[in-house]
Amino acid sequence: MTRDQIEQILRAELNRIAPDIAIDRIDPAAPLREEFDIDSIDVLTLVTALSKALKIDIPEADYPQMESYADLLDYLAARAG
Amino acid sequence: MQEERIVKPCAERARANMPDYAAARAAFTWAEARNSLDGLGQGRLNIAHEAIGRHVAAGHADQVALRWIAKSGARRDYTYGDLDRETSRFANVLRDSGLAVGDRVYALLGRTPELYIAALGTLKAGCVFCPLFSAFGPEPIHARMEIGGAAALITTKRLYTRKVAGLRDRLPDLRLVFLTDAEVEGTRAIGPLTDAASDRFETVPMAPEDSALLHFTSGTTGRPKGVVHVHEAVVAHHTTGRLALDLRPGDVFWCTADPGWVTGTSYGIIAPLTNRVTMIVDEAEFDVARWYGILEDERVNVWYTAPTAIRMLMKAGADPAAGRDFSALRFMASVGEPLNPEAVIWGNKVLGRPFHDNWWQTETGGIMIANYASMDVKPGSMGKPLPGIDAGVVDVTDNGVHELNEPMALGELALRSGWPSMMRGYLHEEARYRKCFRDGWYLTGDLAMRDAEGYFWFVGRADDLIKSAGHLIGPFEVESALMEHPAVAEVGVIGVPDETAGQLVKAYVALKPGHEPSEDLRRDLLGLARSRLGPAVAPKEIVFRKNLPKTRSGKIMRRLLKARELGLPEGDISTLESDEQ
């Protein structure tokens with residue numbers, strides 16, 4: 001899967017959880033939770049959805065690697081790319 | 001449950017602050033508990049003095065009071081002496097800005113040192129402190145600031161511009177806004193003000209019944225309730241910290257709750273400081289490796305956390321905990337919602353000690369029923385009442401309150417009124433306040449049972465309130481936000497079971513004629529709810545129905561939605577006029 005395709009899936013899942021946030025206007029390097037105004041339950045939902053959509057396993061231990069939107073995309077691209 | 005009982009060895013009982021529960025209970029008086037605090041003479045006191053001033057006076061100025069861990073992992077220590085000076089500066093700024101004793105000062109901040117300094121500085125100045133949860137959206141913020149007549153607010157530039165700036169013309173009482181990190185129009189940067197202020201301030205001596213804290217809690221109907229607590233409450237904060245959390249001077253204590261909720265104030269600020277511990281404050285949100293790291297690296301002695309977090313740790317498995325040194329950890333407690341027995345047992349297995357569940361509410365101000373260090377734990381039970389607290393299971397009828405004394409009788413959990421941290425009112429709602437008390441009992445709204453040994457067991461809420469990730473959410477607030485959407489005809493909001501969060505907020509929506517359910521509309525509604533309410537209160541699930549079950553008077557029957565969601569019997573449906581479709 002290309003990085004673009006992965007980003008499309010990431011954007012779709014984020015939009016499902018936080019439809020009020022315009023993804024083009026967030027700071028991709030800032031903390032994801034703050035930029036998207038999501039709580040820990042939302043994060044769990046997001047990770048579960050991503051791991052299903054991308055058919056990858058995302059262990060809890062990797063969460064620190066997903067601090068920002070950019071980090072998360074890098075992480076997913078490395079695992080599913 | 002009997003076979004799962006976790007028995008405490010004699011040596012462990014003997015080491016506890018309260019080695020013998022029955023003896024402590026028999027000997028306890030609140031008058032004597034008051035003597036363990038210093039006061040300010042002539043019957044006056046101030047929470048801030050009990051938390052900081054008296055320890056400085058007793059020669060503990062150099063002990064670390066607060067160790068702050070930034071999101072980046074950087075650490076910053078504040079000694080009791082530092083806190084004394086910083087809170088004095090803040091109190092001077094409040095006074096110099098024209099705030100008077102009794103004025104309400106709100107904080108909308110993440111877990112940063114400024115929050116703790118503002119809380120204690122506000123109390124020092126004799127003002128009333130009201131914390132707001134930083135994940136609230138503009139509407140919950142507005143309701144809470146308006147009801148409380150907020151005179152001043154301390155927040156950040158980001159939170160201000162996103163959530164408060166647009167509310168200013170609807171908050172006529174709000175005279176001052178301080179920002180911790182900038183200055184924008186209509187606000188003042190707090191840094192230069194505190195830098196210029198004196199670090200000496202004479203703590204205002206308050207009467208025991210003077211207001212100190214304002215916490216908001218959700219109601220089943222109507223607006224959130226502003227729960228008033230007084231300076232005298234510190235007697236209960238201190239005592240319960242010592243007896244229920246086993247806090248000792250010099251301990252390292254970590255309460256993971258956010259001060260935006262009552263636990264994070266009573267046990268995240270006040271009780272730890274009055275008991276002269278070093279408290280850990282982590283700015284970041286839950287993270288498995290980070291949390292285990294903090295427990296290990298900071299050599300935490302006493303840990304107070306919540307079921308949602310414990311269940312997330314369980315989900316991550318035993319591996320992240322393996323090989324770590326938790327030998328400093330002496331006592332672990334949990335609050336927010338009932339802790340399932342599996343979680344208690346998991347703690348015992350993986351961390352080497354059980355979680356001690358306890359029970360209390362915003363209205364009770366402090367822990368009321370608890371599992372103690374010296375008492376066997378029956379996993380799933382909330383424990384026994386604190387010394388000084390009389391709890392009962394009661395039946396409330398038109399004829400009055402009747403205590404149910406037979407073991408495992410189901411009734412409403414009630415407490416004999418009169419303990420120091422009992423709420424003194426719902427702001428501007430005397431009738432609603434009075435309704436909580438009857439025949440000398442405070443009625444909690446929770447259903448419970450008591451077993452033959454005197455352990456209490458939580459059964460559920462007597463009303464429609466939702467408990468999600470430890471937060472109490474009123475369905476009405478959520479329904480009101482969704483009703484603002486032009487396509488929505490009616491909404492019913494309930495809590496549905498979730499293995500991590502306890503309950504999740506679910507909204508049933510019926511649309512007006514001419515509107516059809518669609519994924520776009522669902523996102524539209526979710527976006528509206530999130531922007532109005534914030535992520536902690538907004539529904540996690542929205543489903544569409546043609547019609548919602550209603551009574552003759554048009555009231556949506558949440559109880560019926562819930563029974564159907566859970567596959568339970570529908571009970572008495574005689575008032576059902578119009579059914580779900």
# chains A, B, ... in the order shown; residues from 1 in each chain; ligands from 1

$ residues_around --residues "Arg3 of chain A" --least-positions-apart "6" --cutoff "10 Å" --atoms "only C-alpha atoms" --output "ChimeraX atom specification"
/A:9,73-74,76-78,80-81

$ write_last_selection --atoms "C-alpha atoms" --output "JSON list (two decimals), in the first residue's frame"
[["chain", "number", "residue", "atom", "x", "y", "z"],
["A", 9, "ILE", "CA", -7.45, 5.57, 5.29],
["A", 73, "LEU", "CA", 1.35, 8.38, 9.49],
["A", 74, "ASP", "CA", 5.07, 7.52, 9.52],
["A", 76, "LEU", "CA", 1.57, 3.25, 9.71],
["A", 77, "ALA", "CA", 3.57, 3.71, 6.50],
["A", 78, "ALA", "CA", 6.47, 1.79, 8.00],
["A", 80, "ALA", "CA", 1.71, -1.30, 6.25],
["A", 81, "GLY", "CA", 3.67, 0.26, 3.39]]

$ interface_residues --of "chain A" --to "chain B" --cutoff "7 Å" --atoms "only C-alpha atoms" --output "PyMOL selection string"
chain A and resi 16+18-20+37-39+60-61

$ write_last_selection --atoms "C-alpha atoms" --output "short mmCIF file (atom, residue, chain, number, x, y, z; two decimals), in the first residue's frame"
data_model
loop_
_atom_site.label_atom_id
_atom_site.label_comp_id
_atom_site.auth_asym_id
_atom_site.auth_seq_id
_atom_site.Cartn_x
_atom_site.Cartn_y
_atom_site.Cartn_z
CA ARG A 16 -15.32 9.25 11.37
CA ALA A 18 -13.80 13.72 14.87
CA PRO A 19 -15.84 14.99 11.94
CA ASP A 20 -15.78 18.54 13.28
CA ASP A 37 -9.69 17.01 20.45
CA ILE A 38 -10.01 13.27 21.10
CA ASP A 39 -9.88 11.34 24.37
CA GLU A 60 -0.03 -0.75 23.02
CA ALA A 61 3.71 -0.48 23.45
#

$ atom_distance --atom1 "atom CA of Asp62 of chain A" --atom2 "atom CA of Asn15 of chain A"
22.3 Å

$ closest_residue --among "B:Asp357, B:Asp325, B:Asp77, B:Asp181" --to "Arg158 of chain B" --atoms "only C-alpha atoms"
B:Asp181

$ select_by_dssp --residues "segment 89-253 of chain B" --states "alpha helix (DSSP H)" --output "count of residues only"
51

$ atom_distance --atom1 "atom CA of Leu54 of chain A" --atom2 "atom CA of Ile542 of chain B"
24.8 Å

$ residues_around --residues "Thr122 of chain B" --least-positions-apart "6" --cutoff "8 Å" --atoms "only C-alpha atoms" --output "short mmCIF file (atom, residue, chain, number, x, y, z; two decimals) with C-alpha atoms, in the first residue's frame"
data_model
loop_
_atom_site.label_atom_id
_atom_site.label_comp_id
_atom_site.auth_asym_id
_atom_site.auth_seq_id
_atom_site.Cartn_x
_atom_site.Cartn_y
_atom_site.Cartn_z
CA THR B 87 0.76 30.61 45.71
CA PHE B 90 -0.87 34.31 42.77
CA ALA B 91 -2.96 35.37 45.76
CA LEU B 94 -5.89 38.19 42.65
CA VAL B 105 -11.92 31.90 40.39
CA VAL B 128 -13.58 30.08 45.83
CA PHE B 129 -11.78 27.75 43.44
#

$ closest_residue --among "B:Arg248, B:Lys384, B:Lys157, B:Arg330" --to "Met368 of chain B" --atoms "only C-alpha atoms"
B:Lys384

$ closest_residue --among "B:Leu174, B:Leu548, B:Met18, B:Val228" --to "Leu511 of chain B" --atoms "only C-alpha atoms"
B:Leu548

$ residues_around --residues "segment 46-51 of chain A" --least-positions-apart "6" --cutoff "8 Å" --atoms "only C-alpha atoms" --output "number ranges by chain"
A: 9-10, 13-14, 17, 57-58

$ write_last_selection --atoms "C-alpha atoms" --output "PDB file, in the first residue's frame"
ATOM      1  CA  ILE A   9      -7.454   5.571   5.289  1.00  0.00           C
ATOM      2  CA  LEU A  10      -6.067   7.486   8.270  1.00  0.00           C
ATOM      3  CA  GLU A  13     -10.917   7.051  10.225  1.00  0.00           C
ATOM      4  CA  LEU A  14     -10.104  10.350  11.911  1.00  0.00           C
ATOM      5  CA  ILE A  17     -14.312   9.935  14.979  1.00  0.00           C
ATOM      6  CA  ASP A  57      -1.175  -5.383  14.529  1.00  0.00           C
ATOM      7  CA  ILE A  58      -0.670  -2.218  16.592  1.00  0.00           C
TER       8      ILE A  58
END

$ select_by_dssp --residues "segment 68-231 of chain B" --states "strand (DSSP E)" --output "PyMOL selection string"
chain B and resi 68-69+75-79+104-108+128-132+152-155+176-179+188-189+211-217+225-230

$ residues_around --residues "Ile369 of chain B" --least-positions-apart "4" --cutoff "12 Å" --atoms "only C-alpha atoms" --output "tab-separated table (two decimals) with C-alpha atoms, in the first residue's frame"
chain	number	residue	atom	x	y	z
B	240	THR	CA	-9.65	10.12	54.57
B	243	LEU	CA	-7.15	6.30	56.70
B	244	ALA	CA	-8.45	5.29	53.26
B	245	LEU	CA	-5.31	5.95	51.18
B	334	SER	CA	-9.26	2.97	42.65
B	335	VAL	CA	-12.29	5.20	42.31
B	338	PRO	CA	-17.05	0.09	40.62
B	356	HIS	CA	-8.55	-1.09	46.92
B	357	ASP	CA	-11.80	0.20	45.49
B	358	ASN	CA	-13.53	3.05	47.22
B	359	TRP	CA	-16.72	4.99	46.78
B	360	TRP	CA	-17.69	8.63	47.03
B	361	GLN	CA	-19.31	11.41	45.03
B	364	THR	CA	-19.63	13.87	49.59
B	381	SER	CA	-17.01	-4.63	46.90
B	382	MET	CA	-16.53	-0.93	47.64
B	383	GLY	CA	-15.59	-1.80	51.24
B	384	LYS	CA	-16.84	-0.36	54.51
B	385	PRO	CA	-17.69	3.18	55.68
B	386	LEU	CA	-14.90	5.42	56.96
B	387	PRO	CA	-14.68	6.00	60.69
B	388	GLY	CA	-16.99	8.94	61.30
B	389	ILE	CA	-19.33	7.92	58.46
B	390	ASP	CA	-22.54	5.98	58.94
B	391	ALA	CA	-23.80	4.38	55.76
B	392	GLY	CA	-27.02	2.48	55.23
B	413	LEU	CA	-27.18	3.94	49.48
B	414	ALA	CA	-27.55	6.65	52.13
B	415	LEU	CA	-25.20	8.40	54.55
B	448	ALA	CA	-26.32	-0.80	46.78
B	450	ARG	CA	-24.56	-4.61	52.28
B	454	GLY	CA	-20.74	-5.05	56.50
B	455	TYR	CA	-19.10	-4.77	53.05
B	456	PHE	CA	-21.05	-2.62	50.59
B	457	TRP	CA	-21.71	-3.64	46.99
B	458	PHE	CA	-22.60	-1.17	44.26

$ residues_around --residues "Arg89 of chain B" --least-positions-apart "2" --cutoff "10 Å" --atoms "only C-alpha atoms" --output "count of residues only"
22
